[in-house]
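Asks: File follows, entry-v3.cif with mmCIF, C-alpha atoms:
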```
data_input
loop_
_atom_site.label_atom_id
_atom_site.label_comp_id
_atom_site.auth_asym_id
_atom_site.auth_seq_id
_atom_site.Cartn_x
_atom_site.Cartn_y
_atom_site.Cartn_z
CA MET A 25 6.48 57.38 -9.29
CA THR A 26 5.41 54.92 -6.67
CA THR A 27 2.47 57.00 -5.56
CA THR A 28 -0.26 54.81 -7.01
CA TYR A 29 -1.40 51.45 -5.73
CA LYS A 30 -0.86 49.93 -9.15
CA SER A 31 2.81 50.89 -9.25
CA LEU A 32 3.33 49.48 -5.76
CA ALA A 33 1.51 46.25 -6.65
CA LEU A 34 3.63 45.75 -9.79
CA ARG A 35 6.78 46.25 -7.73
CA GLY A 36 5.40 43.78 -5.18
CA ILE A 37 5.04 41.19 -7.94
CA ALA A 38 8.58 41.86 -9.20
CA ALA A 39 10.12 41.81 -5.71
CA GLY A 40 8.18 38.67 -4.77
CA GLY A 41 9.30 36.96 -7.97
CA ILE A 42 12.95 37.83 -7.37
CA ALA A 43 12.83 36.78 -3.69
CA GLY A 44 10.97 33.63 -4.74
CA VAL A 45 13.66 32.72 -7.28
CA ALA A 46 16.36 33.29 -4.63
CA SER A 47 14.44 31.13 -2.15
CA ALA A 48 13.91 28.43 -4.81
CA LEU A 49 17.67 28.37 -5.44
CA VAL A 50 18.28 27.90 -1.70
CA GLN A 51 15.81 25.03 -1.91
CA LEU A 52 17.59 23.41 -4.87
CA LEU A 53 21.07 23.79 -3.40
CA VAL A 54 20.39 23.42 0.34
CA THR A 55 16.96 22.10 1.34
CA GLU A 56 16.84 19.32 -1.26
CA ILE A 57 19.80 17.58 0.44
CA PRO A 58 17.91 16.69 3.66
CA ILE A 59 14.70 16.15 1.63
CA ARG A 60 16.52 13.45 -0.37
CA ALA A 61 17.78 11.88 2.87
CA ALA A 62 14.26 11.95 4.34
CA LEU A 63 12.75 10.38 1.21
CA ALA A 64 15.31 7.58 1.54
CA VAL A 65 14.01 6.99 5.08
CA GLU A 66 10.45 6.91 3.72
CA GLU A 67 11.50 4.57 0.93
CA ALA A 68 13.14 2.16 3.35
CA ARG A 69 9.96 2.10 5.41
CA GLU A 70 7.62 0.89 2.66
CA PRO A 71 9.60 -0.85 -0.09
CA SER A 72 6.45 -1.80 -2.03
CA GLY A 73 5.24 1.80 -2.05
CA ASP A 74 1.60 0.86 -2.55
CA GLY A 75 -1.40 3.07 -1.99
CA HIS A 76 0.40 5.87 -0.17
CA ALA A 77 0.08 9.32 -1.68
CA HIS A 78 3.84 9.76 -1.63
CA SER A 79 4.64 6.37 -3.11
CA HIS A 80 7.70 6.18 -5.25
CA GLY A 81 6.80 2.87 -6.88
CA GLU A 82 5.29 2.40 -10.35
CA GLU A 83 2.07 4.28 -9.55
CA GLU A 84 3.73 7.56 -8.61
CA LEU A 85 1.65 10.58 -9.57
CA VAL A 86 4.51 13.00 -10.13
CA SER A 87 8.11 11.96 -10.76
CA ARG A 88 10.88 12.98 -8.34
CA GLY A 89 12.38 15.28 -10.95
CA ALA A 90 9.02 16.98 -11.46
CA GLN A 91 8.64 17.37 -7.69
CA VAL A 92 11.97 19.17 -7.45
CA VAL A 93 11.05 21.54 -10.30
CA GLY A 94 7.45 21.85 -9.07
CA GLY A 95 8.64 22.62 -5.56
CA MET A 96 10.86 25.43 -6.85
CA LEU A 97 8.06 26.74 -9.09
CA GLY A 98 5.72 26.65 -6.11
CA VAL A 99 8.12 28.78 -4.07
CA VAL A 100 8.35 31.35 -6.89
CA ILE A 101 4.53 31.46 -7.23
CA VAL A 102 4.18 31.88 -3.45
CA GLY A 103 6.81 34.64 -3.61
CA ILE A 104 4.81 36.54 -6.25
CA ALA A 105 1.51 36.04 -4.40
CA VAL A 106 3.03 37.10 -1.07
CA GLY A 107 4.65 40.06 -2.86
CA LEU A 108 1.19 41.26 -3.92
CA VAL A 109 -0.19 40.96 -0.39
CA PHE A 110 2.96 42.61 0.98
CA ALA A 111 2.65 45.56 -1.42
CA THR A 112 -1.03 45.98 -0.53
CA ALA A 113 -0.30 45.96 3.20
CA TYR A 114 2.54 48.41 2.59
CA ALA A 115 0.26 50.74 0.63
CA LEU A 116 -2.33 50.60 3.42
CA SER A 117 0.18 51.19 6.21
CA LYS A 118 -0.27 54.53 7.94
CA ARG A 119 1.86 53.98 11.03
CA TRP A 120 4.71 51.63 10.07
CA PHE A 121 7.98 53.56 10.63
CA VAL A 122 6.52 56.59 8.85
CA ASP A 123 9.56 58.74 9.67
CA ARG A 124 11.93 56.39 7.81
CA THR A 125 12.84 56.09 4.16
CA PRO A 126 10.74 53.78 1.96
CA PHE A 127 13.68 51.33 1.81
CA SER A 128 13.97 51.15 5.62
CA ARG A 129 10.22 50.80 5.97
CA SER A 130 10.10 47.95 3.47
CA PHE A 131 13.14 46.18 4.92
CA ALA A 132 11.76 46.39 8.46
CA PHE A 133 8.37 45.22 7.20
CA GLY A 134 9.93 42.21 5.44
CA ALA A 135 11.85 41.31 8.60
CA ALA A 136 8.70 41.67 10.73
CA VAL A 137 6.65 39.54 8.34
CA PHE A 138 9.41 36.91 8.44
CA GLY A 139 9.21 36.91 12.23
CA ALA A 140 5.42 36.65 12.25
CA VAL A 141 4.65 34.14 9.50
CA ALA A 142 7.88 32.12 9.39
CA LEU A 143 10.05 32.32 12.51
CA LEU A 144 7.27 32.21 15.11
CA PRO A 145 5.48 29.17 13.58
CA TRP A 146 8.92 27.59 13.01
CA ILE A 147 9.68 27.88 16.74
CA LYS A 148 6.30 26.54 17.85
CA TYR A 149 5.79 23.94 15.11
CA PRO A 150 9.21 23.30 13.50
CA ALA A 151 9.15 22.33 9.82
CA ASN A 152 9.24 18.59 9.19
CA PRO A 153 10.77 16.76 6.23
CA PRO A 154 8.96 14.03 4.29
CA ALA A 155 8.56 10.78 6.30
CA VAL A 156 7.51 12.79 9.38
CA GLY A 157 3.89 13.63 10.03
CA ASP A 158 0.73 11.62 10.57
CA PRO A 159 -1.78 12.14 7.69
CA GLU A 160 -4.58 11.79 10.25
CA THR A 161 -3.56 14.99 12.03
CA VAL A 162 -2.74 17.17 9.02
CA ASN A 163 -5.86 19.33 9.27
CA TYR A 164 -5.39 19.85 13.01
CA ARG A 165 -1.72 20.72 12.46
CA THR A 166 -2.64 23.09 9.64
CA ALA A 167 -5.16 24.86 11.87
CA LEU A 168 -2.57 25.25 14.65
CA TYR A 169 0.00 26.50 12.15
CA LEU A 170 -2.37 29.09 10.64
CA GLY A 171 -3.38 30.13 14.15
CA VAL A 172 0.22 30.92 15.06
CA VAL A 173 0.71 32.79 11.74
CA ALA A 174 -2.40 34.88 12.48
CA ALA A 175 -1.21 35.54 16.05
CA GLY A 176 2.19 36.62 14.70
CA LEU A 177 0.60 39.11 12.31
CA VAL A 178 -1.56 40.48 15.13
CA ILE A 179 1.62 40.98 17.21
CA VAL A 180 3.29 42.93 14.37
CA TRP A 181 0.17 45.05 13.94
CA GLY A 182 -0.04 45.58 17.71
CA ALA A 183 3.63 46.57 17.97
CA SER A 184 3.11 49.19 15.28
CA TRP A 185 -0.02 50.44 17.06
CA LEU A 186 1.78 50.63 20.40
CA ALA A 187 4.75 52.48 18.91
CA GLU A 188 2.32 55.04 17.49
CA ARG A 189 0.57 55.42 20.84
CA LEU A 190 3.91 56.04 22.57
CA ARG A 191 5.22 58.51 19.99
CA THR A 192 5.36 61.35 22.52
CA ARG A 193 7.84 59.34 24.65
CA THR A 194 11.57 59.36 24.01
CA GLN A 195 12.86 56.80 21.58
CA PRO A 196 14.67 54.56 24.15
CA VAL A 197 11.50 54.35 26.28
CA ARG A 198 9.33 53.68 23.23
CA VAL A 199 11.60 50.99 21.77
CA THR A 200 12.00 49.25 25.15
CA ALA A 201 8.26 49.28 25.81
CA VAL A 202 7.44 47.90 22.36
CA LEU A 203 10.12 45.20 22.63
CA LEU A 204 8.85 44.12 26.06
CA ALA A 205 5.30 43.98 24.76
CA VAL A 206 6.37 41.88 21.75
CA VAL A 207 8.36 39.46 23.93
CA ALA A 208 5.41 39.09 26.32
CA ALA A 209 2.97 38.53 23.43
CA VAL A 210 5.26 35.96 21.79
CA ALA A 211 5.65 34.14 25.13
CA VAL A 212 1.86 34.02 25.55
CA VAL A 213 1.42 32.61 22.02
CA LEU A 214 4.11 29.96 22.55
CA LEU A 215 2.54 28.92 25.87
CA ALA A 216 -1.08 29.11 24.78
CA PHE A 217 -0.84 26.96 21.64
CA PRO A 218 -0.70 23.18 22.21
CA ALA A 219 2.48 21.20 21.61
CA PRO A 220 2.97 19.70 18.13
CA PRO A 221 0.76 16.59 18.00
CA ASP A 222 3.15 14.37 16.06
CA THR A 223 6.09 12.46 17.43
CA ILE A 224 9.22 12.19 15.32
CA PRO A 225 9.54 8.60 14.03
CA SER A 226 12.56 6.80 15.49
CA ASP A 227 13.90 5.94 12.03
CA MET A 228 14.34 9.65 11.19
CA PRO A 229 17.97 10.62 11.87
CA VAL A 230 18.22 13.70 14.09
CA ASN A 231 20.83 15.35 11.87
CA VAL A 232 18.59 14.99 8.79
CA LEU A 233 15.67 16.43 10.75
CA TRP A 234 17.62 19.49 11.90
CA GLN A 235 19.45 20.01 8.66
CA PHE A 236 16.02 20.14 7.05
CA ARG A 237 14.59 22.51 9.66
CA LEU A 238 17.49 24.95 9.44
CA SER A 239 17.45 24.80 5.62
CA SER A 240 13.75 25.55 5.71
CA LEU A 241 14.34 28.55 7.99
CA ALA A 242 17.12 29.84 5.72
CA GLN A 243 14.79 29.54 2.76
CA LEU A 244 11.97 31.36 4.54
CA ALA A 245 14.36 34.15 5.56
CA THR A 246 15.53 34.47 1.95
CA LEU A 247 11.92 34.73 0.79
CA TYR A 248 10.57 37.27 3.29
CA VAL A 249 13.60 39.39 4.12
CA GLY A 250 14.56 39.26 0.42
CA LEU A 251 11.08 40.49 -0.46
CA GLY A 252 11.43 43.42 1.93
CA VAL A 253 14.86 44.37 0.59
CA VAL A 254 14.00 44.10 -3.12
CA PHE A 255 10.64 45.85 -2.72
CA GLY A 256 12.43 48.62 -0.82
CA LEU A 257 14.98 48.97 -3.60
CA LEU A 258 12.25 49.15 -6.23
CA ILE A 259 10.09 51.75 -4.47
CA ASP A 260 12.66 54.04 -2.84
CA PRO A 261 13.05 57.27 -4.83
CA ALA A 262 16.71 57.28 -3.68
CA THR A 263 17.33 54.26 -5.93
CA ARG A 264 15.91 56.11 -8.91
CA ARG A 265 17.73 59.32 -8.08
CA ALA A 266 21.02 57.40 -8.21
CA ARG A 267 20.03 55.91 -11.56
CA ALA A 268 18.90 59.27 -12.94
CA ALA A 269 22.20 60.79 -11.88
CA GLU A 270 24.02 58.00 -13.71
CA LYS A 271 21.96 58.61 -16.85
CA ALA A 272 22.60 62.35 -16.65
CA ALA A 273 26.34 61.69 -16.31
CA ILE A 274 26.28 59.53 -19.46
CA ALA A 275 24.21 62.00 -21.51
CA MET B 7 11.05 69.25 6.84
CA THR B 8 8.82 66.68 5.19
CA SER B 9 9.28 63.09 6.23
CA PRO B 10 10.93 60.80 3.67
CA ALA B 11 7.82 58.68 3.48
CA ALA B 12 5.46 61.61 3.06
CA HIS B 13 4.74 60.71 -0.56
CA LEU B 14 3.63 57.27 0.57
CA SER B 15 0.94 58.49 2.88
CA ALA B 16 -0.58 60.00 -0.25
CA VAL B 17 -1.08 56.56 -1.80
CA ARG B 18 -4.75 56.04 -2.51
CA VAL B 19 -5.64 52.39 -2.25
CA PRO B 20 -8.55 51.50 -4.56
CA LYS B 21 -11.20 48.96 -3.58
CA TRP B 22 -9.93 46.41 -6.08
CA ALA B 23 -6.66 46.33 -4.16
CA PHE B 24 -8.39 44.11 -1.61
CA ALA B 25 -9.41 41.72 -4.39
CA VAL B 26 -5.77 41.65 -5.54
CA ALA B 27 -4.56 40.88 -2.01
CA LEU B 28 -7.23 38.21 -1.65
CA LEU B 29 -6.07 36.67 -4.95
CA GLY B 30 -2.54 36.55 -3.52
CA LEU B 31 -3.79 34.75 -0.41
CA ILE B 32 -5.84 32.28 -2.47
CA VAL B 33 -2.86 31.45 -4.70
CA THR B 34 -0.69 30.97 -1.60
CA TYR B 35 -3.35 28.68 -0.17
CA LEU B 36 -3.63 26.62 -3.35
CA VAL B 37 0.11 26.07 -3.55
CA LEU B 38 0.79 25.50 0.15
CA GLN B 39 -2.35 24.13 1.72
CA GLU B 40 -4.52 22.49 -0.88
CA ASN B 41 -5.22 19.08 0.60
CA GLY B 42 -8.43 18.41 -1.30
CA LEU B 43 -10.71 20.90 0.43
CA ALA B 44 -11.29 23.21 -2.54
CA LEU B 45 -10.29 21.23 -5.61
CA GLY B 46 -11.18 17.67 -4.66
CA ALA B 47 -9.48 14.92 -6.63
CA SER B 48 -7.29 17.11 -8.85
CA SER B 49 -5.70 18.50 -5.69
CA GLU B 50 -3.58 15.40 -5.27
CA LEU B 51 -1.70 16.15 -8.46
CA LEU B 52 -1.19 19.77 -7.32
CA HIS B 53 -0.22 18.53 -3.86
CA GLU B 54 2.42 16.18 -5.23
CA PHE B 55 3.75 18.68 -7.77
CA PHE B 56 4.39 21.36 -5.16
CA HIS B 57 5.38 18.75 -2.56
CA ASP B 58 9.01 19.80 -1.97
CA GLY B 59 8.16 23.49 -1.83
CA ARG B 60 5.51 22.97 0.80
CA HIS B 61 7.86 20.97 2.99
CA ALA B 62 10.66 23.49 2.44
CA LEU B 63 8.49 26.44 3.45
CA GLY B 64 7.61 24.65 6.67
CA VAL B 65 3.91 24.12 6.01
CA PRO B 66 2.32 21.08 7.70
CA CYS B 67 2.15 18.18 5.26
CA HIS B 68 0.76 14.63 4.92
#
```
Spell out the structure here as structure tokens.
Replies:
Amino acid sequence: MTTTYKSLALRGIAAGGIAGVASALVQLLVTEIPIRAALAVEEAREPSGDGHAHSHGEEELVSRGAQVVGGMLGVVIVGIAVGLVFATAYALSKRWFVDRTPFSRSFAFGAAVFGAVALLPWIKYPANPPAVGDPETVNYRTALYLGVVAAGLVIVWGASWLAERLRTRTQPVRVTAVLLAVVAAVAVVLLAFPAPPDTIPSDMPVNVLWQFRLSSLAQLATLYVGLGVVFGLLIDPATRRARAAEKAAIA
Amino acid sequence: MTSPAAHLSAVRVPKWAFAVALLGLIVTYLVLQENGLALGASSELLHEFFHDGRHALGVPCH
């Protein structure tokens, strides 16, 4: 039974791994296409490839092939790690859609986490392919990015808190109030954080840039929503009841 | 009628669960953000190895 933290954590690892593999496949089949195009832009910029950390000349640290495999492996590892954090947050949750089934709770949680840690930062600071980004500003950009992620998580937490506070109201009133509050909070975050510091270099084709950004968003959605769906499948007693019924039918 | 999630509110979360969650965050950081702050020189290898994944997941890079 999924009544102990350990059983939830193990399912978080499994769900994160599965969602990570799915996201890594999206990367291989979708995101790598604009990444290759962006690397070609970078290549054309510095044909000698000397000194730069992302050089593709003779002194490259990691081969292109290894970067593709490593990138996919990284996504799977992040999936597993996020799965653990996700399962822990789920186990700790006392308010999150408590009147719903475990599957619905997990699915909604995955979608909310996607909104907070992927979609919101993607809107404020859209993902950039290689050949975009000034190394001088990377720490500043990272701080801004993590700030938006933190703000997004606070909004999810706050929405859950508000929904609980309004539980005596009718559902339409409650849902409308929570939605309005979330929209207002998101608007404040988008206005309060400074604009992205980097300009897009003129040699970066707009279609490559946006193909990359949309691929990145698709991959993030696969990771987080996938995590919520698979974790929900693994923890919901309804899934096991169906399986037990199957077994009983066979026996 | 008991709520469908009633069995979940009975989950007791041990103290070490926070260590597990912290481990998850640290691993995420090492893969996505390590720019030399924690690991120094060896971070560049890690950085380059996970390069495509970091870009793909929309994390600031370079």
Asks: Any idea what's packed within 12 Å of Lys148 (chain A), counting all atoms listed in the file, ignoring anything in its chain fewer than 3 positions away? Could you give it as a list in words?
Replies: Ala140, Val141, Ala142, Leu143, Leu144, Pro145, Ala151, Arg165, Leu168, Tyr169, Leu170, Gly171, Val172, Val173, Ala175, Gly176, Val210, Ala211, Val212, Val213, Leu214, Leu215, Ala216, Phe217, Pro218, Ala219, Pro220 and Pro221 of chain A; Gly64 of chain B
Asks: Could you take the residues named above and write them with C-alpha atoms, as a tab-separated table (two decimals), in the coordinates of the input?
Replies:
```tsv
chain	number	residue	atom	x	y	z
A	140	ALA	CA	5.42	36.65	12.25
A	141	VAL	CA	4.65	34.14	9.50
A	142	ALA	CA	7.88	32.12	9.39
A	143	LEU	CA	10.05	32.32	12.51
A	144	LEU	CA	7.27	32.21	15.11
A	145	PRO	CA	5.48	29.17	13.58
A	151	ALA	CA	9.15	22.33	9.82
A	165	ARG	CA	-1.72	20.72	12.46
A	168	LEU	CA	-2.57	25.25	14.65
A	169	TYR	CA	0.00	26.50	12.15
A	170	LEU	CA	-2.37	29.09	10.64
A	171	GLY	CA	-3.38	30.13	14.15
A	172	VAL	CA	0.22	30.92	15.06
A	173	VAL	CA	0.71	32.79	11.74
A	175	ALA	CA	-1.21	35.54	16.05
A	176	GLY	CA	2.19	36.62	14.70
A	210	VAL	CA	5.26	35.96	21.79
A	211	ALA	CA	5.65	34.14	25.13
A	212	VAL	CA	1.86	34.02	25.55
A	213	VAL	CA	1.42	32.61	22.02
A	214	LEU	CA	4.11	29.96	22.55
A	215	LEU	CA	2.54	28.92	25.87
A	216	ALA	CA	-1.08	29.11	24.78
A	217	PHE	CA	-0.84	26.96	21.64
A	218	PRO	CA	-0.70	23.18	22.21
A	219	ALA	CA	2.48	21.20	21.61
A	220	PRO	CA	2.97	19.70	18.13
A	221	PRO	CA	0.76	16.59	18.00
B	64	GLY	CA	7.61	24.65	6.67
```
Asks: Nearest to Phe55 (chain B): which of A:Gly36, A:Ser87, A:Ser31, A:Ala64 is it, counting all atoms listed in the file?
Replies: A:Ser87
Asks: Could I get the residues of chain B with an atom no further than 6 Å from an atom of chain A, each paired with its nearest atom pair and that distance in Å to one decimal, using all atoms listed in the file, sorted by chain and residue number, as JSON lines?
Replies:
```
{"residue": "B:Ser9", "atom": "CA", "partner": "A:Asp123", "partner_atom": "CA", "distance": 5.6}
{"residue": "B:Pro10", "atom": "CA", "partner": "A:Thr125", "partner_atom": "CA", "distance": 5.1}
{"residue": "B:Ala11", "atom": "CA", "partner": "A:Thr125", "partner_atom": "CA", "distance": 5.7}
{"residue": "B:Val17", "atom": "CA", "partner": "A:Thr27", "partner_atom": "CA", "distance": 5.2}
{"residue": "B:Val19", "atom": "CA", "partner": "A:Tyr29", "partner_atom": "CA", "distance": 5.6}
{"residue": "B:Ala27", "atom": "CA", "partner": "A:Val109", "partner_atom": "CA", "distance": 4.7}
{"residue": "B:Gly30", "atom": "CA", "partner": "A:Ala105", "partner_atom": "CA", "distance": 4.2}
{"residue": "B:Thr34", "atom": "CA", "partner": "A:Val102", "partner_atom": "CA", "distance": 5.3}
{"residue": "B:Phe55", "atom": "CA", "partner": "A:Gly94", "partner_atom": "CA", "distance": 5.0}
{"residue": "B:Phe56", "atom": "CA", "partner": "A:Gly95", "partner_atom": "CA", "distance": 4.5}
{"residue": "B:His57", "atom": "CA", "partner": "A:Gly95", "partner_atom": "CA", "distance": 5.9}
{"residue": "B:Asp58", "atom": "CA", "partner": "A:Gly95", "partner_atom": "CA", "distance": 4.6}
{"residue": "B:Gly59", "atom": "CA", "partner": "A:Gly95", "partner_atom": "CA", "distance": 3.9}
{"residue": "B:Ala62", "atom": "CA", "partner": "A:Ser240", "partner_atom": "CA", "distance": 4.9}
{"residue": "B:Leu63", "atom": "CA", "partner": "A:Ser240", "partner_atom": "CA", "distance": 5.8}
{"residue": "B:Gly64", "atom": "CA", "partner": "A:Ala151", "partner_atom": "CA", "distance": 4.2}
{"residue": "B:Pro66", "atom": "CA", "partner": "A:Thr166", "partner_atom": "CA", "distance": 5.7}
{"residue": "B:His68", "atom": "CA", "partner": "A:Pro159", "partner_atom": "CA", "distance": 4.5}
```
Asks: Rank A:Phe255, A:Gln195, A:Gly250, A:Pro225 by their smallest atom-to-atom distance to Arg69 (chain A), using only C-alpha atoms, and report the top residue only.
Replies: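 Checking each candidate against Arg69 (chain A), we get A:Pro225 as the closest.
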Asks: Looking at A:Trp234, A:Tyr248, A:Trp120, A:Trp181, which one is nearest to Gly139 (chain A), with distances taken over all atoms listed in the file?
Replies: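 Closest residue, counting all atoms listed in the file: A:Tyr248.
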Asks: Give me, please, the distance in Å between CA of Ala25 (chain B) and CA of Gly40 (chain A), quoted to one decimal.
Replies: 17.9 Å
Asks: Distance CA of His53 (chain B)-CA of Leu31 (chain B), one decimal place?
Replies: 17.0 Å
Asks: Step by step, work through what the PyMOL selection byres ((chain A and resi 249) around 9) selects in the shown file, and finish by giving those residues as a PyMOL selection string.
Replies: chain A and resi 43+131-138+244-248+250-254
Asks: Please indicate the distance in Å from CA of Ala68 (chain A) to CA of Pro229 (chain A), rounded to one decimal place.
Replies: 12.9 Å
Asks: Report as a list in words the full result of the PyMOL selection byres ((chain A and resi 202) around 12) when it is applied to this structure.
Replies: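 Output of the PyMOL selection byres ((chain A and resi 202) around 12): Ile179, Val180, Trp181, Gly182, Ala183, Ser184, Trp185, Leu186, Ala187, Glu188, Arg189, Leu190, Arg191, Arg193, Gln195, Pro196, Val197, Arg198, Val199, Thr200, Ala201, Leu203, Leu204, Ala205, Val206, Val207, Ala208 and Ala209 of chain A.
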Asks: Using 4 Å of padding on each side, determine the axis-aligned box around all atoms of region 186-196 of chain A present in the file and give its centre and edge lengths in Å to one decimal, as JSON.
Replies:
```
{"center_x": 7.6, "center_y": 56.0, "center_z": 21.1, "size_x": 22.1, "size_y": 18.7, "size_z": 15.2}
```
